[in-house]
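*Asks:* Got structure18.cif for you, mmCIF, C-alpha atoms:
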data_my_file
loop_
_atom_site.group_PDB
_atom_site.id
_atom_site.type_symbol
_atom_site.label_atom_id
_atom_site.label_comp_id
_atom_site.auth_asym_id
_atom_site.auth_seq_id
_atom_site.Cartn_x
_atom_site.Cartn_y
_atom_site.Cartn_z
ATOM 1 C CA MET A 1 -3.528 -121.276 -76.761
ATOM 2 C CA SER A 2 -4.296 -124.556 -78.532
ATOM 3 C CA HIS A 3 -6.412 -125.500 -75.503
ATOM 4 C CA LEU A 4 -8.710 -122.496 -76.060
ATOM 5 C CA ASP A 5 -11.253 -124.532 -77.995
ATOM 6 C CA SER A 6 -14.927 -123.886 -78.654
ATOM 7 C CA ARG A 7 -16.112 -126.690 -76.357
ATOM 8 C CA ARG A 8 -14.439 -125.216 -73.277
ATOM 9 C CA LEU A 9 -15.615 -121.733 -74.246
ATOM 10 C CA GLU A 10 -19.203 -122.996 -74.498
ATOM 11 C CA THR A 11 -18.917 -124.665 -71.090
ATOM 12 C CA PHE A 12 -17.549 -121.420 -69.640
ATOM 13 C CA ARG A 13 -20.361 -119.457 -71.308
ATOM 14 C CA MET A 14 -23.051 -121.685 -69.798
ATOM 15 C CA VAL A 15 -21.514 -121.515 -66.304
ATOM 16 C CA ALA A 16 -21.379 -117.727 -66.579
ATOM 17 C CA LEU A 17 -25.027 -117.519 -67.695
ATOM 18 C CA CYS A 18 -26.317 -119.968 -65.079
ATOM 19 C CA GLY A 19 -24.224 -118.692 -62.186
ATOM 20 C CA ARG A 20 -23.738 -122.205 -60.815
ATOM 21 C CA VAL A 21 -21.754 -125.197 -62.007
ATOM 22 C CA SER A 22 -24.572 -127.595 -61.099
ATOM 23 C CA GLU A 23 -27.092 -125.682 -63.212
ATOM 24 C CA ALA A 24 -24.692 -125.447 -66.151
ATOM 25 C CA ALA A 25 -24.000 -129.175 -65.926
ATOM 26 C CA ARG A 26 -27.727 -129.903 -66.257
ATOM 27 C CA HIS A 27 -28.037 -127.732 -69.352
ATOM 28 C CA LEU A 28 -24.926 -129.250 -70.936
ATOM 29 C CA HIS A 29 -25.819 -132.832 -69.960
ATOM 30 C CA LEU A 30 -22.411 -133.231 -68.295
ATOM 31 C CA SER A 31 -21.315 -134.147 -64.798
ATOM 32 C CA GLN A 32 -20.344 -131.355 -62.413
ATOM 33 C CA PRO A 33 -16.712 -132.561 -62.222
ATOM 34 C CA ALA A 34 -16.492 -132.500 -66.027
ATOM 35 C CA VAL A 35 -17.775 -128.907 -66.153
ATOM 36 C CA THR A 36 -15.411 -127.832 -63.364
ATOM 37 C CA ALA A 37 -12.474 -129.488 -65.131
ATOM 38 C CA GLN A 38 -13.206 -127.741 -68.442
ATOM 39 C CA VAL A 39 -13.397 -124.333 -66.743
ATOM 40 C CA GLN A 40 -10.144 -124.981 -64.870
ATOM 41 C CA GLN A 41 -8.439 -126.096 -68.085
ATOM 42 C CA LEU A 42 -9.592 -122.895 -69.783
ATOM 43 C CA GLU A 43 -8.295 -120.777 -66.891
ATOM 44 C CA SER A 44 -4.977 -122.632 -67.037
ATOM 45 C CA ALA A 45 -4.681 -122.057 -70.783
ATOM 46 C CA LEU A 46 -5.348 -118.340 -70.344
ATOM 47 C CA GLY A 47 -3.228 -117.999 -67.219
ATOM 48 C CA ARG A 48 -5.877 -116.066 -65.291
ATOM 49 C CA SER A 49 -8.986 -116.610 -63.188
ATOM 50 C CA LEU A 50 -12.369 -116.244 -64.851
ATOM 51 C CA PHE A 51 -14.533 -116.616 -61.739
ATOM 52 C CA ASN A 52 -14.455 -115.492 -58.118
ATOM 53 C CA ARG A 53 -15.615 -118.455 -56.039
ATOM 54 C CA SER A 54 -17.288 -118.248 -52.630
ATOM 55 C CA ARG A 55 -19.769 -120.178 -50.517
ATOM 56 C CA SER A 56 -22.621 -118.127 -51.953
ATOM 57 C CA GLY A 57 -21.731 -119.047 -55.551
ATOM 58 C CA ILE A 58 -19.494 -117.810 -58.343
ATOM 59 C CA GLN A 59 -19.130 -114.451 -60.046
ATOM 60 C CA LEU A 60 -17.256 -113.424 -63.167
ATOM 61 C CA THR A 61 -13.962 -111.617 -62.793
ATOM 62 C CA GLU A 62 -13.223 -108.673 -65.050
ATOM 63 C CA ASP A 63 -11.307 -111.043 -67.351
ATOM 64 C CA GLY A 64 -14.286 -113.406 -67.259
ATOM 65 C CA ARG A 65 -16.680 -110.656 -68.324
ATOM 66 C CA ARG A 66 -14.472 -109.794 -71.292
ATOM 67 C CA LEU A 67 -14.176 -113.418 -72.320
ATOM 68 C CA LEU A 68 -17.941 -113.906 -72.028
ATOM 69 C CA GLU A 69 -18.485 -111.313 -74.754
ATOM 70 C CA THR A 70 -16.200 -113.285 -77.059
ATOM 71 C CA ALA A 71 -17.767 -116.608 -76.090
ATOM 72 C CA GLU A 72 -21.246 -115.249 -76.855
ATOM 73 C CA ALA A 73 -20.105 -113.950 -80.234
ATOM 74 C CA LEU A 74 -18.452 -117.282 -81.083
ATOM 75 C CA HIS A 75 -21.583 -119.156 -80.003
ATOM 76 C CA ARG A 76 -23.674 -117.089 -82.410
ATOM 77 C CA LEU A 77 -21.196 -117.464 -85.272
ATOM 78 C CA LEU A 78 -20.929 -121.235 -84.893
ATOM 79 C CA GLY A 79 -24.703 -121.494 -84.813
ATOM 80 C CA GLU A 80 -25.029 -119.400 -87.944
ATOM 81 C CA ALA A 81 -22.404 -121.520 -89.717
ATOM 82 C CA GLU A 82 -24.162 -124.729 -88.718
ATOM 83 C CA GLN A 83 -27.496 -123.382 -89.886
ATOM 84 C CA ALA A 84 -26.070 -122.113 -93.165
ATOM 85 C CA MET A 85 -24.736 -125.584 -93.980
ATOM 86 C CA ALA A 86 -27.879 -127.383 -92.820
ATOM 87 C CA GLU A 87 -30.558 -125.309 -94.510
ATOM 88 C CA PRO A 88 -30.588 -122.361 -96.935
ATOM 89 C CA ARG A 89 -32.114 -119.198 -95.499
ATOM 90 C CA SER A 90 -34.678 -119.125 -98.287
ATOM 91 C CA GLN A 91 -36.039 -122.489 -97.122
ATOM 92 C CA LEU A 92 -36.420 -121.882 -93.399
ATOM 93 C CA GLY A 93 -40.005 -123.068 -93.251
ATOM 94 C CA PRO A 94 -42.562 -121.759 -90.736
ATOM 95 C CA LEU A 95 -41.638 -120.487 -87.287
ATOM 96 C CA ARG A 96 -43.689 -122.534 -84.795
ATOM 97 C CA LEU A 97 -43.360 -121.189 -81.255
ATOM 98 C CA GLY A 98 -44.968 -122.075 -77.961
ATOM 99 C CA ALA A 99 -44.831 -119.632 -75.048
ATOM 100 C CA SER A 100 -46.232 -119.138 -71.584
ATOM 101 C CA THR A 101 -48.652 -116.248 -71.283
ATOM 102 C CA THR A 102 -46.160 -113.858 -69.677
ATOM 103 C CA ALA A 103 -43.469 -114.531 -72.267
ATOM 104 C CA ALA A 104 -45.964 -114.246 -75.138
ATOM 105 C CA ALA A 105 -47.328 -110.920 -73.928
ATOM 106 C CA TYR A 106 -44.259 -109.117 -72.569
ATOM 107 C CA VAL A 107 -41.070 -110.725 -73.913
ATOM 108 C CA LEU A 108 -41.544 -112.078 -77.436
ATOM 109 C CA PRO A 109 -43.506 -109.403 -79.398
ATOM 110 C CA ARG A 110 -40.558 -107.061 -80.080
ATOM 111 C CA ILE A 111 -38.304 -109.967 -81.058
ATOM 112 C CA LEU A 112 -41.007 -111.362 -83.357
ATOM 113 C CA ALA A 113 -41.340 -107.991 -85.077
ATOM 114 C CA THR A 114 -37.598 -107.844 -85.759
ATOM 115 C CA PHE A 115 -37.583 -111.441 -87.004
ATOM 116 C CA GLN A 116 -40.427 -110.735 -89.409
ATOM 117 C CA ARG A 117 -38.582 -107.738 -90.847
ATOM 118 C CA ARG A 118 -35.523 -109.919 -91.473
ATOM 119 C CA HIS A 119 -37.466 -112.929 -92.778
ATOM 120 C CA PRO A 120 -40.684 -111.579 -94.322
ATOM 121 C CA ALA A 121 -41.400 -114.849 -96.161
ATOM 122 C CA VAL A 122 -41.441 -116.952 -92.982
ATOM 123 C CA GLN A 123 -44.878 -117.718 -91.549
ATOM 124 C CA ILE A 124 -45.091 -117.171 -87.788
ATOM 125 C CA HIS A 125 -47.289 -119.341 -85.550
ATOM 126 C CA LEU A 126 -47.282 -118.587 -81.809
ATOM 127 C CA GLU A 127 -49.276 -120.807 -79.458
ATOM 128 C CA VAL A 128 -49.861 -119.555 -75.924
ATOM 129 C CA GLY A 129 -50.443 -121.741 -72.873
ATOM 130 C CA ASN A 130 -49.034 -122.465 -69.449
ATOM 131 C CA THR A 131 -45.634 -124.000 -68.807
ATOM 132 C CA GLU A 132 -46.873 -127.596 -68.808
ATOM 133 C CA GLN A 133 -48.727 -127.102 -72.085
ATOM 134 C CA VAL A 134 -45.670 -125.635 -73.812
ATOM 135 C CA GLN A 135 -43.600 -128.662 -72.791
ATOM 136 C CA ALA A 136 -46.308 -131.011 -74.082
ATOM 137 C CA TRP A 137 -46.416 -129.210 -77.439
ATOM 138 C CA LEU A 138 -42.627 -129.595 -77.805
ATOM 139 C CA ARG A 139 -42.809 -133.320 -77.079
ATOM 140 C CA GLU A 140 -45.658 -133.750 -79.572
ATOM 141 C CA GLY A 141 -43.765 -131.839 -82.283
ATOM 142 C CA ARG A 142 -46.554 -129.284 -82.451
ATOM 143 C CA VAL A 143 -44.042 -126.444 -81.925
ATOM 144 C CA ASP A 144 -40.292 -126.304 -82.562
ATOM 145 C CA LEU A 145 -39.232 -123.910 -79.808
ATOM 146 C CA GLY A 146 -40.741 -122.806 -76.523
ATOM 147 C CA MET A 147 -40.241 -120.089 -73.925
ATOM 148 C CA VAL A 148 -41.399 -120.470 -70.324
ATOM 149 C CA GLU A 149 -40.606 -118.983 -66.952
ATOM 150 C CA GLY A 150 -39.561 -120.494 -63.634
ATOM 151 C CA LEU A 151 -38.886 -123.993 -64.973
ATOM 152 C CA ARG A 152 -35.905 -125.890 -63.519
ATOM 153 C CA ARG A 153 -36.087 -129.123 -65.516
ATOM 154 C CA ALA A 154 -38.044 -130.538 -68.440
ATOM 155 C CA SER A 155 -38.055 -134.296 -68.923
ATOM 156 C CA GLY A 156 -36.963 -135.291 -72.425
ATOM 157 C CA LEU A 157 -36.282 -131.669 -73.417
ATOM 158 C CA ARG A 158 -33.459 -129.168 -73.039
ATOM 159 C CA LEU A 159 -33.623 -125.915 -71.083
ATOM 160 C CA GLU A 160 -31.451 -122.942 -72.032
ATOM 161 C CA PRO A 161 -31.494 -119.742 -69.922
ATOM 162 C CA PHE A 162 -32.573 -116.535 -71.655
ATOM 163 C CA ARG A 163 -33.149 -113.663 -69.214
ATOM 164 C CA ASP A 164 -34.095 -112.939 -65.602
ATOM 165 C CA ASP A 165 -37.486 -111.765 -64.442
ATOM 166 C CA GLU A 166 -38.948 -110.479 -61.174
ATOM 167 C CA LEU A 167 -42.370 -110.897 -59.576
ATOM 168 C CA VAL A 168 -43.646 -108.323 -57.085
ATOM 169 C CA CYS A 169 -46.572 -108.296 -54.677
ATOM 170 C CA VAL A 170 -49.259 -105.856 -55.847
ATOM 171 C CA GLY A 171 -52.474 -104.621 -54.344
ATOM 172 C CA PRO A 172 -55.311 -102.346 -55.461
ATOM 173 C CA GLY A 173 -54.522 -98.691 -55.880
ATOM 174 C CA ARG A 174 -57.905 -97.534 -54.600
ATOM 175 C CA LYS A 175 -60.551 -100.194 -53.984
ATOM 176 C CA LEU A 176 -60.581 -102.554 -51.002
ATOM 177 C CA ARG A 177 -63.034 -105.350 -50.293
ATOM 178 C CA GLY A 178 -63.049 -106.479 -46.712
ATOM 179 C CA PHE A 179 -59.307 -106.828 -46.092
ATOM 180 C CA THR A 180 -56.423 -104.656 -44.974
ATOM 181 C CA LEU A 181 -53.331 -104.318 -47.130
ATOM 182 C CA PRO A 182 -50.377 -106.194 -45.609
ATOM 183 C CA ALA A 183 -47.639 -104.255 -43.863
ATOM 184 C CA SER A 184 -45.324 -107.267 -43.531
ATOM 185 C CA VAL A 185 -44.949 -110.788 -44.933
ATOM 186 C CA GLU A 186 -46.633 -112.120 -41.783
ATOM 187 C CA ASP A 187 -49.840 -110.346 -42.886
ATOM 188 C CA LEU A 188 -50.041 -112.461 -46.067
ATOM 189 C CA ALA A 189 -51.631 -115.187 -43.955
ATOM 190 C CA ARG A 190 -54.653 -112.902 -43.413
ATOM 191 C CA VAL A 191 -55.350 -111.663 -46.950
ATOM 192 C CA PRO A 192 -56.632 -113.363 -50.138
ATOM 193 C CA ILE A 193 -54.074 -114.033 -52.876
ATOM 194 C CA LEU A 194 -54.991 -114.477 -56.526
ATOM 195 C CA TRP A 195 -53.222 -117.470 -58.086
ATOM 196 C CA ARG A 196 -52.598 -118.673 -61.599
ATOM 197 C CA GLU A 197 -53.916 -122.115 -62.545
ATOM 198 C CA SER A 198 -52.160 -125.401 -61.778
ATOM 199 C CA GLY A 199 -49.466 -126.063 -64.378
ATOM 200 C CA SER A 200 -48.494 -122.388 -64.518
ATOM 201 C CA GLY A 201 -44.797 -121.657 -64.072
ATOM 202 C CA THR A 202 -45.667 -118.395 -62.311
ATOM 203 C CA ARG A 203 -47.854 -120.230 -59.789
ATOM 204 C CA ALA A 204 -45.106 -122.760 -59.070
ATOM 205 C CA VAL A 205 -42.461 -120.060 -58.495
ATOM 206 C CA VAL A 206 -44.716 -117.970 -56.226
ATOM 207 C CA ALA A 207 -45.889 -120.996 -54.242
ATOM 208 C CA GLN A 208 -42.309 -122.090 -53.679
ATOM 209 C CA ALA A 209 -41.227 -118.609 -52.547
ATOM 210 C CA LEU A 210 -44.178 -118.090 -50.189
ATOM 211 C CA GLY A 211 -43.688 -121.602 -48.840
ATOM 212 C CA ARG A 212 -40.289 -120.485 -47.517
ATOM 213 C CA LEU A 213 -41.744 -117.583 -45.503
ATOM 214 C CA ALA A 214 -42.452 -117.701 -41.793
ATOM 215 C CA PRO A 215 -45.334 -118.337 -41.498
ATOM 216 C CA ARG A 216 -45.690 -120.183 -44.810
ATOM 217 C CA ARG A 217 -48.425 -119.018 -47.163
ATOM 218 C CA LYS A 218 -49.722 -121.802 -49.415
ATOM 219 C CA PRO A 219 -52.597 -121.697 -51.935
ATOM 220 C CA ARG A 220 -55.931 -122.147 -50.174
ATOM 221 C CA PRO A 221 -59.240 -123.475 -51.500
ATOM 222 C CA GLU A 222 -60.840 -120.071 -50.942
ATOM 223 C CA ASP A 223 -58.140 -118.181 -52.894
ATOM 224 C CA PRO A 224 -59.363 -117.116 -56.362
ATOM 225 C CA VAL A 225 -57.676 -118.810 -59.341
ATOM 226 C CA LEU A 226 -57.416 -116.875 -62.625
ATOM 227 C CA GLY A 227 -55.840 -118.211 -65.798
ATOM 228 C CA HIS A 228 -54.143 -115.099 -67.167
ATOM 229 C CA THR A 229 -51.906 -112.256 -66.000
ATOM 230 C CA GLU A 230 -54.275 -109.624 -67.390
ATOM 231 C CA ALA A 231 -57.190 -111.172 -65.496
ATOM 232 C CA ILE A 232 -55.215 -111.060 -62.250
ATOM 233 C CA LYS A 233 -54.268 -107.410 -62.853
ATOM 234 C CA ALA A 234 -57.900 -106.434 -63.362
ATOM 235 C CA ALA A 235 -59.089 -108.449 -60.345
ATOM 236 C CA VAL A 236 -56.430 -106.952 -58.073
ATOM 237 C CA SER A 237 -57.290 -103.421 -59.182
ATOM 238 C CA GLU A 238 -60.939 -104.135 -58.288
ATOM 239 C CA GLY A 239 -59.934 -105.165 -54.768
ATOM 240 C CA LEU A 240 -60.519 -108.911 -55.042
ATOM 241 C CA GLY A 241 -57.151 -109.740 -53.464
ATOM 242 C CA LEU A 242 -53.403 -109.441 -53.843
ATOM 243 C CA GLY A 243 -51.362 -110.751 -56.769
ATOM 244 C CA PHE A 244 -47.765 -111.565 -57.625
ATOM 245 C CA LEU A 245 -47.109 -110.167 -61.088
ATOM 246 C CA PRO A 246 -44.120 -109.486 -63.356
ATOM 247 C CA PHE A 247 -42.867 -105.955 -62.739
ATOM 248 C CA CYS A 248 -42.544 -105.392 -66.482
ATOM 249 C CA ALA A 249 -46.261 -106.179 -66.934
ATOM 250 C CA ILE A 250 -47.695 -103.559 -64.564
ATOM 251 C CA GLN A 251 -46.012 -100.295 -65.589
ATOM 252 C CA ALA A 252 -49.177 -98.724 -67.047
ATOM 253 C CA GLU A 253 -51.312 -99.752 -64.052
ATOM 254 C CA LEU A 254 -48.779 -98.324 -61.599
ATOM 255 C CA ALA A 255 -48.672 -95.044 -63.529
ATOM 256 C CA ARG A 256 -52.490 -94.783 -63.487
ATOM 257 C CA GLY A 257 -52.704 -95.681 -59.811
ATOM 258 C CA ASP A 258 -54.777 -98.817 -60.445
ATOM 259 C CA LEU A 259 -52.146 -100.958 -58.712
ATOM 260 C CA ARG A 260 -49.446 -100.400 -56.122
ATOM 261 C CA VAL A 261 -46.413 -102.449 -55.161
ATOM 262 C CA LEU A 262 -46.612 -103.856 -51.645
ATOM 263 C CA LEU A 263 -43.899 -105.369 -49.463
ATOM 264 C CA PRO A 264 -41.051 -103.971 -51.601
ATOM 265 C CA GLY A 265 -38.563 -106.245 -49.859
ATOM 266 C CA LEU A 266 -40.411 -109.331 -51.121
ATOM 267 C CA ARG A 267 -39.275 -109.736 -54.712
ATOM 268 C CA ILE A 268 -39.378 -113.157 -56.302
ATOM 269 C CA ARG A 269 -36.724 -113.754 -58.931
ATOM 270 C CA ARG A 270 -37.173 -116.267 -61.715
ATOM 271 C CA ALA A 271 -35.789 -116.842 -65.193
ATOM 272 C CA PHE A 272 -37.242 -117.108 -68.666
ATOM 273 C CA SER A 273 -35.844 -120.169 -70.426
ATOM 274 C CA TRP A 274 -35.951 -121.635 -73.894
ATOM 275 C CA VAL A 275 -37.371 -125.132 -74.126
ATOM 276 C CA VAL A 276 -35.873 -126.973 -77.074
ATOM 277 C CA PRO A 277 -35.785 -130.548 -78.369
ATOM 278 C CA PRO A 278 -32.812 -132.650 -77.175
ATOM 279 C CA GLY A 279 -30.941 -131.992 -80.430
ATOM 280 C CA GLY A 280 -31.522 -128.237 -80.262
ATOM 281 C CA ALA A 281 -33.578 -125.881 -82.403
ATOM 282 C CA VAL A 282 -33.283 -126.024 -86.209
ATOM 283 C CA GLY A 283 -34.577 -124.035 -89.168
ATOM 284 C CA ALA A 284 -36.577 -120.916 -88.446
ATOM 285 C CA ALA A 285 -36.641 -121.732 -84.729
ATOM 286 C CA ALA A 286 -32.822 -121.701 -84.577
ATOM 287 C CA GLN A 287 -32.689 -118.398 -86.456
ATOM 288 C CA PHE A 288 -35.251 -116.885 -84.088
ATOM 289 C CA GLN A 289 -33.387 -118.083 -80.999
ATOM 290 C CA ARG A 290 -30.135 -116.534 -82.241
ATOM 291 C CA LEU A 291 -31.878 -113.270 -83.047
ATOM 292 C CA ALA A 292 -33.336 -113.207 -79.526
ATOM 293 C CA ARG A 293 -29.869 -113.602 -78.011
ATOM 294 C CA GLU A 294 -28.570 -110.723 -80.131
ATOM 295 C CA TRP A 295 -31.542 -108.561 -79.160
ATOM 296 C CA GLU A 296 -31.090 -109.321 -75.456
ATOM 297 C CA ALA A 297 -27.360 -108.527 -75.597
ATOM 298 C CA GLU A 298 -27.956 -105.044 -77.003
#
What would the structure in this file look like if it were written as structure tokens?

*Replies:*
Amino acid sequence: MSHLDSRRLETFRMVALCGRVSEAARHLHLSQPAVTAQVQQLESALGRSLFNRSRSGIQLTEDGRRLLETAEALHRLLGEAEQAMAEPRSQLGPLRLGASTTAAAYVLPRILATFQRRHPAVQIHLEVGNTEQVQAWLREGRVDLGMVEGLRRASGLRLEPFRDDELVCVGPGRKLRGFTLPASVEDLARVPILWRESGSGTRAVVAQALGRLAPRRKPRPEDPVLGHTEAIKAAVSEGLGLGFLPFCAIQAELARGDLRVLLPGLRIRRAFSWVVPPGGAVGAAAQFQRLAREWEAE
């Protein structure tokens, strides 16, 4: 069991969270062979398989799922120990966050409330922008930690997966303005779609997904562009066009009948990710990130 060290456990944890060795290697700044070797060494030390491997990807075995719980707990404990030695809790300093609009509105508020209860003396500053803006703020040192959606790489920064998200096609519940609601993905070529602005992670994910359809549906000059999820919700409900919105963001509108989900088979999956400096988050940002992982695991 001497080979069951924290480095291999962390590599295993990242592979399990990412679902692919290549993605885990990017997050860990290692080569794919190095990541594969560490996982195999861990499996050899334990004498059991941690992943089922197939052409479609890898999945945790039952033993792997049990070990992931331990790896997550160890990851949190090591982070807390590092933080305790680096900076006293009473001197955390301000919490400076940057977040995309979806994350700021629908993911972070509950975590922020819990953090404030635990650290009432810490000042909280949350700046909201699109994915490109959040990255720029991290590089400038304007914020210490960011959360965005749909981002695959960030030059000069580190990405760490947080949780999955899903975008669905929605249309107006009642009002229509000169177009027929689509019955199939082929009909998307004949209806207006409301897009987020350039630089938005949501726009990039939707454009990529619709670009893989047959026929492809790309943004058009005549398609309306709105800079906020709430604006798109209101415009869709008024019949201006269709939108692709986070399912978690439209529960009230669905209940009221203002919006309806269309093309239920067309669901676009994406992930919320932390954006952190190359050396990782420190101070209040590190404490907040650990709290978020605990909150998500509950």

*Asks:* Name the residues that the PyMOL selection byres ((chain A and resi 273) around 10) picks from the file above, as a list in words, using the file's chain letters and numbers.

*Replies:* Ala103, Gly146, Met147, Val148, Glu149, Gly150, Leu151, Arg152, Arg158, Leu159, Glu160, Pro161, Phe162, Arg163, Asp164, Arg270, Ala271, Phe272, Trp274, Val275 and Val276 of chain A

*Asks:* Selected by the PyMOL selection byres ((chain A and resi 200-210) around 9) in the shown coordinates: which residues, as a compact mmCIF listing (two decimals) with C-alpha atoms, keeping the file's coordinate frame?

*Replies:*
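Generated output (selection_31.txt):
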# COMPACT_ATOMS: atom_id res chain seq x y z
CA SER A 100 -46.23 -119.14 -71.58
CA THR A 102 -46.16 -113.86 -69.68
CA GLY A 129 -50.44 -121.74 -72.87
CA ASN A 130 -49.03 -122.46 -69.45
CA THR A 131 -45.63 -124.00 -68.81
CA GLU A 132 -46.87 -127.60 -68.81
CA GLN A 133 -48.73 -127.10 -72.08
CA VAL A 148 -41.40 -120.47 -70.32
CA GLU A 149 -40.61 -118.98 -66.95
CA GLY A 150 -39.56 -120.49 -63.63
CA LEU A 151 -38.89 -123.99 -64.97
CA LEU A 167 -42.37 -110.90 -59.58
CA TRP A 195 -53.22 -117.47 -58.09
CA ARG A 196 -52.60 -118.67 -61.60
CA GLU A 197 -53.92 -122.12 -62.54
CA SER A 198 -52.16 -125.40 -61.78
CA GLY A 199 -49.47 -126.06 -64.38
CA GLY A 211 -43.69 -121.60 -48.84
CA ARG A 212 -40.29 -120.48 -47.52
CA LEU A 213 -41.74 -117.58 -45.50
CA ALA A 214 -42.45 -117.70 -41.79
CA PRO A 215 -45.33 -118.34 -41.50
CA ARG A 216 -45.69 -120.18 -44.81
CA ARG A 217 -48.42 -119.02 -47.16
CA LYS A 218 -49.72 -121.80 -49.42
CA PRO A 219 -52.60 -121.70 -51.94
CA GLY A 227 -55.84 -118.21 -65.80
CA PHE A 244 -47.76 -111.56 -57.62
CA LEU A 245 -47.11 -110.17 -61.09
CA ILE A 268 -39.38 -113.16 -56.30
CA ARG A 269 -36.72 -113.75 -58.93
CA ARG A 270 -37.17 -116.27 -61.72

*Asks:* CA of Val134 in chain A and CA of Leu95 in chain A are how many Å apart?

*Replies:*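 Atom-to-atom, CA of Val134 in chain A and CA of Leu95 in chain A are spaced 15.0 Å apart.
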
*Asks:* Can you spell out as a ChimeraX atom specification the set of residues that the PyMOL selection byres ((chain A and resi 20-26) around 12) selects in the structure I just provided?

*Replies:* /A:10-19,27-40,51-60,152-155,157-161

*Asks:* Please write the residues from the selection above to a file, keeping C-alpha atoms, as a PDB file, in the coordinates of the input.

*Replies:*
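again-v8.pdb, written as the output of this step:
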ATOM      1  CA  GLU A  10     -19.203-122.996 -74.498  1.00  0.00           C
ATOM      2  CA  THR A  11     -18.917-124.665 -71.090  1.00  0.00           C
ATOM      3  CA  PHE A  12     -17.549-121.420 -69.640  1.00  0.00           C
ATOM      4  CA  ARG A  13     -20.361-119.457 -71.308  1.00  0.00           C
ATOM      5  CA  MET A  14     -23.051-121.685 -69.798  1.00  0.00           C
ATOM      6  CA  VAL A  15     -21.514-121.515 -66.304  1.00  0.00           C
ATOM      7  CA  ALA A  16     -21.379-117.727 -66.579  1.00  0.00           C
ATOM      8  CA  LEU A  17     -25.027-117.519 -67.695  1.00  0.00           C
ATOM      9  CA  CYS A  18     -26.317-119.968 -65.079  1.00  0.00           C
ATOM     10  CA  GLY A  19     -24.224-118.692 -62.186  1.00  0.00           C
ATOM     11  CA  HIS A  27     -28.037-127.732 -69.352  1.00  0.00           C
ATOM     12  CA  LEU A  28     -24.926-129.250 -70.936  1.00  0.00           C
ATOM     13  CA  HIS A  29     -25.819-132.832 -69.960  1.00  0.00           C
ATOM     14  CA  LEU A  30     -22.411-133.231 -68.295  1.00  0.00           C
ATOM     15  CA  SER A  31     -21.315-134.147 -64.798  1.00  0.00           C
ATOM     16  CA  GLN A  32     -20.344-131.355 -62.413  1.00  0.00           C
ATOM     17  CA  PRO A  33     -16.712-132.561 -62.222  1.00  0.00           C
ATOM     18  CA  ALA A  34     -16.492-132.500 -66.027  1.00  0.00           C
ATOM     19  CA  VAL A  35     -17.775-128.907 -66.153  1.00  0.00           C
ATOM     20  CA  THR A  36     -15.411-127.832 -63.364  1.00  0.00           C
ATOM     21  CA  ALA A  37     -12.474-129.488 -65.131  1.00  0.00           C
ATOM     22  CA  GLN A  38     -13.206-127.741 -68.442  1.00  0.00           C
ATOM     23  CA  VAL A  39     -13.397-124.333 -66.743  1.00  0.00           C
ATOM     24  CA  GLN A  40     -10.144-124.981 -64.870  1.00  0.00           C
ATOM     25  CA  PHE A  51     -14.533-116.616 -61.739  1.00  0.00           C
ATOM     26  CA  ASN A  52     -14.455-115.492 -58.118  1.00  0.00           C
ATOM     27  CA  ARG A  53     -15.615-118.455 -56.039  1.00  0.00           C
ATOM     28  CA  SER A  54     -17.288-118.248 -52.630  1.00  0.00           C
ATOM     29  CA  ARG A  55     -19.769-120.178 -50.517  1.00  0.00           C
ATOM     30  CA  SER A  56     -22.621-118.127 -51.953  1.00  0.00           C
ATOM     31  CA  GLY A  57     -21.731-119.047 -55.551  1.00  0.00           C
ATOM     32  CA  ILE A  58     -19.494-117.810 -58.343  1.00  0.00           C
ATOM     33  CA  GLN A  59     -19.130-114.451 -60.046  1.00  0.00           C
ATOM     34  CA  LEU A  60     -17.256-113.424 -63.167  1.00  0.00           C
ATOM     35  CA  ARG A 152     -35.905-125.890 -63.519  1.00  0.00           C
ATOM     36  CA  ARG A 153     -36.087-129.123 -65.516  1.00  0.00           C
ATOM     37  CA  ALA A 154     -38.044-130.538 -68.440  1.00  0.00           C
ATOM     38  CA  SER A 155     -38.055-134.296 -68.923  1.00  0.00           C
ATOM     39  CA  LEU A 157     -36.282-131.669 -73.417  1.00  0.00           C
ATOM     40  CA  ARG A 158     -33.459-129.168 -73.039  1.00  0.00           C
ATOM     41  CA  LEU A 159     -33.623-125.915 -71.083  1.00  0.00           C
ATOM     42  CA  GLU A 160     -31.451-122.942 -72.032  1.00  0.00           C
ATOM     43  CA  PRO A 161     -31.494-119.742 -69.922  1.00  0.00           C
TER      44      PRO A 161
END

*Asks:* Taking (-49.3, -119.6, -78.0) in the file's coordinates, which residues come within 6 Å, counting all atoms listed in the file, written as a ChimeraX atom specification?

*Replies:* /A:98-99,126-129

*Asks:* Export C-alpha atoms of the chosen residues as a short mmCIF file (atom, residue, chain, number, x, y, z; two decimals), in the coordinates of the input?

*Replies:*
data_model
loop_
_atom_site.label_atom_id
_atom_site.label_comp_id
_atom_site.auth_asym_id
_atom_site.auth_seq_id
_atom_site.Cartn_x
_atom_site.Cartn_y
_atom_site.Cartn_z
CA GLY A 98 -44.97 -122.08 -77.96
CA ALA A 99 -44.83 -119.63 -75.05
CA LEU A 126 -47.28 -118.59 -81.81
CA GLU A 127 -49.28 -120.81 -79.46
CA VAL A 128 -49.86 -119.56 -75.92
CA GLY A 129 -50.44 -121.74 -72.87
#

*Asks:* CA of Pro182 in chain A and CA of Gly239 in chain A, how far apart in Å?

*Replies:*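 For CA of Gly239 in chain A relative to CA of Pro182 in chain A, the distance reads 13.3 Å.
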
*Asks:* Fewer than 3 positions away in the same chain doesn't count, so skip those; otherwise give me all residues within 10 Å of His119 in chain A, counting all atoms listed in the file, as a list in words.

*Replies:* Arg89, Ser90, Leu92, Ala113, Thr114, Phe115, Gln116, Val122, Gln123, Ala284, Gln287 and Phe288 of chain A
